[in-house]
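Visitor: The structure under discussion is supplied below as structure tokens; questions concerning it will follow.
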Amino acid sequence: MPIRADHLWLYPIDWTQLSQSIRFGRAGGRCEHCRRPHGERVFHLGDGLWWDRHDRRWRDGQGRRVRMPRRDLLREGRWTQVVLACAHLNHDPTDSVAHNLAALCQRCHMIHDGPEHRRRRWLNRHYRCALGDLFHGPYPQLGAPTIVPVGGWGMAA
Ligand SMILES: [Zn+2]
């Protein structure tokens with residue numbers, strides 16, 4: 001997951017090396033939640049079940065071995081490219097101790113970050129409304145990316 005430009009200064013200066021040591025040293029190039037291998041195309045069913053071609057068995061979203069699903073694999077199955085990222089488990093990029101980091105594939109990363117993303121979206125929406133209340137009065141377009149005062153900027157009449 002790319003780092004937002006305004007969050008870049010929160011990460012340690014050796015973040016690239018730290019991230020690599022977690023993803024490829026400690027985790028061995030596999031997701032630490034579901035065991036999907038980095039850089040490979042994986043066949044999956046969209047609900048977490050995936051085919052581990054190295055061990056020649058099906059695994060679930062937690063990496064546990066499961067029986068072959070009794071579903072239409074050709075219709076439900078999809079291929080996806082796995083990309084491991086180093087995630088902060090407590091969502092705090094300033095806290096980069098090893099036990100707070102995990103190598104996660106994009107699926108596990110989004111599942112892990114989902115509640116935090118929803119919380120931040122709610123916070124940003126209310127922050128924008130509060131700015132409108134404080135400085136610009138009623139906001140013409142609720143949810144607009146920037147708040148523009150009624151009549152536009154510098155339109156003193
Ligand atoms: Zn995963």
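Residues in the structure tokens are named by chain (A, B, ... in the order shown) and by number from 1 within that chain; ligands are numbered from 1 in the order shown.
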Can you list, as a short mmCIF file (atom, residue, chain, number, x, y, z; two decimals) with C-alpha atoms, in the first residue's frame, all residues belonging to region 17-47 of chain A that DSSP tags as strand (DSSP E or B)?
Guide:
data_model
loop_
_atom_site.label_atom_id
_atom_site.label_comp_id
_atom_site.auth_asym_id
_atom_site.auth_seq_id
_atom_site.Cartn_x
_atom_site.Cartn_y
_atom_site.Cartn_z
CA ARG A 30 4.57 -15.08 2.54
CA PRO A 37 3.39 -15.98 -1.56
CA ARG A 41 -0.31 -15.19 -9.27
CA VAL A 42 -2.67 -17.08 -7.00
CA PHE A 43 -5.94 -18.81 -7.92
CA HIS A 44 -8.64 -17.93 -5.38
#
Visitor: Output the neighbourhood of ligand 1 as a PyMOL selection string, that is, all protein and nucleic acid residues with some atom at most 9 Å from the ligand, counting only C-alpha atoms and all ligand atoms.
Guide: chain A and resi 30-37+48+61-63+82+84+103-109
Visitor: Those residues you just picked out, can you put them in a file as a PDB file, in the first residue's frame with N, CA and C atoms?
Guide:
ATOM      1  N   ARG A  30       5.974 -14.672   2.536  1.00  0.00           N
ATOM      2  CA  ARG A  30       4.565 -15.078   2.545  1.00  0.00           C
ATOM      3  C   ARG A  30       3.779 -14.185   3.494  1.00  0.00           C
ATOM      4  N   CYS A  31       2.515 -13.994   3.172  1.00  0.00           N
ATOM      5  CA  CYS A  31       1.637 -13.213   4.038  1.00  0.00           C
ATOM      6  C   CYS A  31       1.574 -13.882   5.416  1.00  0.00           C
ATOM      7  N   GLU A  32       1.686 -13.097   6.457  1.00  0.00           N
ATOM      8  CA  GLU A  32       1.683 -13.665   7.805  1.00  0.00           C
ATOM      9  C   GLU A  32       0.278 -13.979   8.310  1.00  0.00           C
ATOM     10  N   HIS A  33      -0.747 -13.623   7.547  1.00  0.00           N
ATOM     11  CA  HIS A  33      -2.111 -13.990   7.942  1.00  0.00           C
ATOM     12  C   HIS A  33      -2.643 -15.166   7.121  1.00  0.00           C
ATOM     13  N   CYS A  34      -2.433 -15.142   5.801  1.00  0.00           N
ATOM     14  CA  CYS A  34      -3.028 -16.192   4.955  1.00  0.00           C
ATOM     15  C   CYS A  34      -1.994 -17.055   4.232  1.00  0.00           C
ATOM     16  N   ARG A  35      -0.720 -16.708   4.322  1.00  0.00           N
ATOM     17  CA  ARG A  35       0.399 -17.465   3.747  1.00  0.00           C
ATOM     18  C   ARG A  35       0.510 -17.366   2.228  1.00  0.00           C
ATOM     19  N   ARG A  36      -0.185 -16.423   1.577  1.00  0.00           N
ATOM     20  CA  ARG A  36      -0.031 -16.277   0.124  1.00  0.00           C
ATOM     21  C   ARG A  36       1.386 -15.787  -0.181  1.00  0.00           C
ATOM     22  N   PRO A  37       1.996 -16.336  -1.246  1.00  0.00           N
ATOM     23  CA  PRO A  37       3.388 -15.985  -1.560  1.00  0.00           C
ATOM     24  C   PRO A  37       3.502 -14.681  -2.350  1.00  0.00           C
ATOM     25  N   GLY A  48     -11.510 -15.793   0.321  1.00  0.00           N
ATOM     26  CA  GLY A  48     -10.354 -16.121   1.154  1.00  0.00           C
ATOM     27  C   GLY A  48      -9.754 -17.468   0.803  1.00  0.00           C
ATOM     28  N   GLY A  61      -8.597 -18.148   4.457  1.00  0.00           N
ATOM     29  CA  GLY A  61      -8.101 -16.798   4.656  1.00  0.00           C
ATOM     30  C   GLY A  61      -7.137 -16.647   5.818  1.00  0.00           C
ATOM     31  N   GLN A  62      -7.049 -17.679   6.693  1.00  0.00           N
ATOM     32  CA  GLN A  62      -6.083 -17.647   7.791  1.00  0.00           C
ATOM     33  C   GLN A  62      -4.891 -18.555   7.504  1.00  0.00           C
ATOM     34  N   GLY A  63      -4.804 -19.078   6.291  1.00  0.00           N
ATOM     35  CA  GLY A  63      -3.679 -19.922   5.906  1.00  0.00           C
ATOM     36  C   GLY A  63      -3.815 -21.372   6.325  1.00  0.00           C
ATOM     37  N   VAL A  82      -0.144 -11.425  -6.033  1.00  0.00           N
ATOM     38  CA  VAL A  82       0.036 -11.132  -4.609  1.00  0.00           C
ATOM     39  C   VAL A  82       1.196 -10.161  -4.425  1.00  0.00           C
ATOM     40  N   LEU A  84       3.101  -8.309  -1.209  1.00  0.00           N
ATOM     41  CA  LEU A  84       3.218  -8.156   0.244  1.00  0.00           C
ATOM     42  C   LEU A  84       3.573  -6.725   0.592  1.00  0.00           C
ATOM     43  N   ALA A 103       3.871  -8.689   7.703  1.00  0.00           N
ATOM     44  CA  ALA A 103       3.886  -8.779   6.238  1.00  0.00           C
ATOM     45  C   ALA A 103       2.515  -9.270   5.809  1.00  0.00           C
ATOM     46  N   LEU A 104       1.762  -8.418   5.107  1.00  0.00           N
ATOM     47  CA  LEU A 104       0.401  -8.783   4.721  1.00  0.00           C
ATOM     48  C   LEU A 104       0.219  -8.632   3.217  1.00  0.00           C
ATOM     49  N   CYS A 105      -0.552  -9.559   2.629  1.00  0.00           N
ATOM     50  CA  CYS A 105      -0.926  -9.415   1.223  1.00  0.00           C
ATOM     51  C   CYS A 105      -1.982  -8.315   1.134  1.00  0.00           C
ATOM     52  N   GLN A 106      -2.325  -7.908  -0.083  1.00  0.00           N
ATOM     53  CA  GLN A 106      -3.252  -6.795  -0.221  1.00  0.00           C
ATOM     54  C   GLN A 106      -4.626  -7.126   0.352  1.00  0.00           C
ATOM     55  N   ARG A 107      -5.063  -8.379   0.263  1.00  0.00           N
ATOM     56  CA  ARG A 107      -6.380  -8.744   0.805  1.00  0.00           C
ATOM     57  C   ARG A 107      -6.381  -8.617   2.335  1.00  0.00           C
ATOM     58  N   CYS A 108      -5.381  -9.224   2.973  1.00  0.00           N
ATOM     59  CA  CYS A 108      -5.323  -9.179   4.439  1.00  0.00           C
ATOM     60  C   CYS A 108      -5.090  -7.753   4.928  1.00  0.00           C
ATOM     61  N   HIS A 109      -4.313  -6.976   4.175  1.00  0.00           N
ATOM     62  CA  HIS A 109      -4.040  -5.595   4.567  1.00  0.00           C
ATOM     63  C   HIS A 109      -5.340  -4.778   4.559  1.00  0.00           C
TER      64      HIS A 109
END
Visitor: Pull the closest atom pair for each residue of region 43-132 of chain A that gets at most 12 Å from region 16-26 of chain A, along with the distance in Å to one decimal, counting only C-alpha atoms, ordering rows by chain and then ascending residue number, as a tab-separated table.
Guide:
residue	atom	partner	partner_atom	distance
A:Val83	CA	A:Arg23	CA	10.3
A:Leu84	CA	A:Arg23	CA	6.9
A:Ala85	CA	A:Arg23	CA	7.1
A:Cys86	CA	A:Ser19	CA	5.5
A:Ala87	CA	A:Ser19	CA	8.7
A:His88	CA	A:Ser19	CA	10.4
A:Pro93	CA	A:Ser19	CA	12.0
A:Ser96	CA	A:Leu18	CA	8.6
A:Val97	CA	A:Leu18	CA	9.6
A:Ala98	CA	A:Ile22	CA	7.7
A:His99	CA	A:Ile22	CA	10.0
A:Asn100	CA	A:Ile22	CA	10.7
A:Leu101	CA	A:Ile22	CA	7.4
A:Ala102	CA	A:Ile22	CA	6.9
A:Ala103	CA	A:Arg23	CA	4.9
A:Leu104	CA	A:Arg23	CA	8.1
A:Cys105	CA	A:Arg23	CA	10.0
Visitor: Next, dump the selected residues to file, keeping only N, CA and C atoms, as a PDB file, in the first residue's frame.
Guide:
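Output file result02.pdb is given in full below:
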ATOM      1  N   VAL A  83       0.936  -9.110  -3.665  1.00  0.00           N
ATOM      2  CA  VAL A  83       1.973  -8.131  -3.329  1.00  0.00           C
ATOM      3  C   VAL A  83       1.985  -7.978  -1.811  1.00  0.00           C
ATOM      4  N   LEU A  84       3.101  -8.309  -1.209  1.00  0.00           N
ATOM      5  CA  LEU A  84       3.218  -8.156   0.244  1.00  0.00           C
ATOM      6  C   LEU A  84       3.573  -6.725   0.592  1.00  0.00           C
ATOM      7  N   ALA A  85       2.955  -6.232   1.643  1.00  0.00           N
ATOM      8  CA  ALA A  85       3.309  -4.923   2.184  1.00  0.00           C
ATOM      9  C   ALA A  85       3.544  -5.098   3.676  1.00  0.00           C
ATOM     10  N   CYS A  86       4.277  -4.184   4.255  1.00  0.00           N
ATOM     11  CA  CYS A  86       4.526  -4.230   5.691  1.00  0.00           C
ATOM     12  C   CYS A  86       3.494  -3.334   6.371  1.00  0.00           C
ATOM     13  N   ALA A  87       2.679  -3.915   7.236  1.00  0.00           N
ATOM     14  CA  ALA A  87       1.575  -3.178   7.865  1.00  0.00           C
ATOM     15  C   ALA A  87       1.877  -2.897   9.332  1.00  0.00           C
ATOM     16  N   HIS A  88       1.395  -1.755   9.806  1.00  0.00           N
ATOM     17  CA  HIS A  88       1.440  -1.454  11.233  1.00  0.00           C
ATOM     18  C   HIS A  88       0.168  -2.003  11.864  1.00  0.00           C
ATOM     19  N   PRO A  93       2.015   4.672  12.302  1.00  0.00           N
ATOM     20  CA  PRO A  93       3.276   4.545  11.558  1.00  0.00           C
ATOM     21  C   PRO A  93       4.508   4.990  12.334  1.00  0.00           C
ATOM     22  N   SER A  96       7.187   1.512  15.011  1.00  0.00           N
ATOM     23  CA  SER A  96       7.700   0.516  14.067  1.00  0.00           C
ATOM     24  C   SER A  96       8.531  -0.563  14.750  1.00  0.00           C
ATOM     25  N   VAL A  97       8.131  -0.982  15.947  1.00  0.00           N
ATOM     26  CA  VAL A  97       8.815  -2.113  16.571  1.00  0.00           C
ATOM     27  C   VAL A  97       8.344  -3.393  15.878  1.00  0.00           C
ATOM     28  N   ALA A  98       9.180  -4.423  15.924  1.00  0.00           N
ATOM     29  CA  ALA A  98       8.931  -5.636  15.123  1.00  0.00           C
ATOM     30  C   ALA A  98       7.588  -6.285  15.438  1.00  0.00           C
ATOM     31  N   HIS A  99       7.183  -6.304  16.721  1.00  0.00           N
ATOM     32  CA  HIS A  99       5.924  -6.997  17.037  1.00  0.00           C
ATOM     33  C   HIS A  99       4.693  -6.197  16.601  1.00  0.00           C
ATOM     34  N   ASN A 100       4.901  -4.942  16.176  1.00  0.00           N
ATOM     35  CA  ASN A 100       3.782  -4.137  15.673  1.00  0.00           C
ATOM     36  C   ASN A 100       3.708  -4.174  14.145  1.00  0.00           C
ATOM     37  N   LEU A 101       4.636  -4.881  13.505  1.00  0.00           N
ATOM     38  CA  LEU A 101       4.661  -4.944  12.047  1.00  0.00           C
ATOM     39  C   LEU A 101       4.285  -6.348  11.576  1.00  0.00           C
ATOM     40  N   ALA A 102       3.660  -6.414  10.417  1.00  0.00           N
ATOM     41  CA  ALA A 102       3.318  -7.714   9.837  1.00  0.00           C
ATOM     42  C   ALA A 102       3.405  -7.613   8.329  1.00  0.00           C
ATOM     43  N   ALA A 103       3.871  -8.689   7.703  1.00  0.00           N
ATOM     44  CA  ALA A 103       3.886  -8.779   6.238  1.00  0.00           C
ATOM     45  C   ALA A 103       2.515  -9.270   5.809  1.00  0.00           C
ATOM     46  N   LEU A 104       1.762  -8.418   5.107  1.00  0.00           N
ATOM     47  CA  LEU A 104       0.401  -8.783   4.721  1.00  0.00           C
ATOM     48  C   LEU A 104       0.219  -8.632   3.217  1.00  0.00           C
ATOM     49  N   CYS A 105      -0.552  -9.559   2.629  1.00  0.00           N
ATOM     50  CA  CYS A 105      -0.926  -9.415   1.223  1.00  0.00           C
ATOM     51  C   CYS A 105      -1.982  -8.315   1.134  1.00  0.00           C
TER      52      CYS A 105
END
Visitor: Region 72-74 of chain A: which residues within 12 Å, counting only C-alpha atoms, same-chain residues fewer than 5 positions away excluded, as a ChimeraX atom specification?
Guide: /A:43-46,49-51,58,79
Visitor: CA of Arg65 (chain A) and CA of Gly114 (chain A) are how many Å apart?
Guide: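 Value for the CA of Arg65 (chain A)-CA of Gly114 (chain A) distance: 25.3 Å.
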Visitor: Mind checking which residues fall within 9 Å of Met68 (chain A), counting only C-alpha atoms, ignoring those fewer than 2 positions away in the same chain, and posting them as a list in words?
Guide: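 Contacts, with the query itself left out: Arg57, Trp58, Arg59, Val66, Arg70 and Arg71 of chain A.
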Visitor: Please return, as a VMD selection string, all residues of chain A that DSSP assigns to helix (DSSP H, G or I) on the basis of the backbone.
Guide: chain A and resid 5 to 10 15 to 26 73 to 76 98 to 100 106 to 136
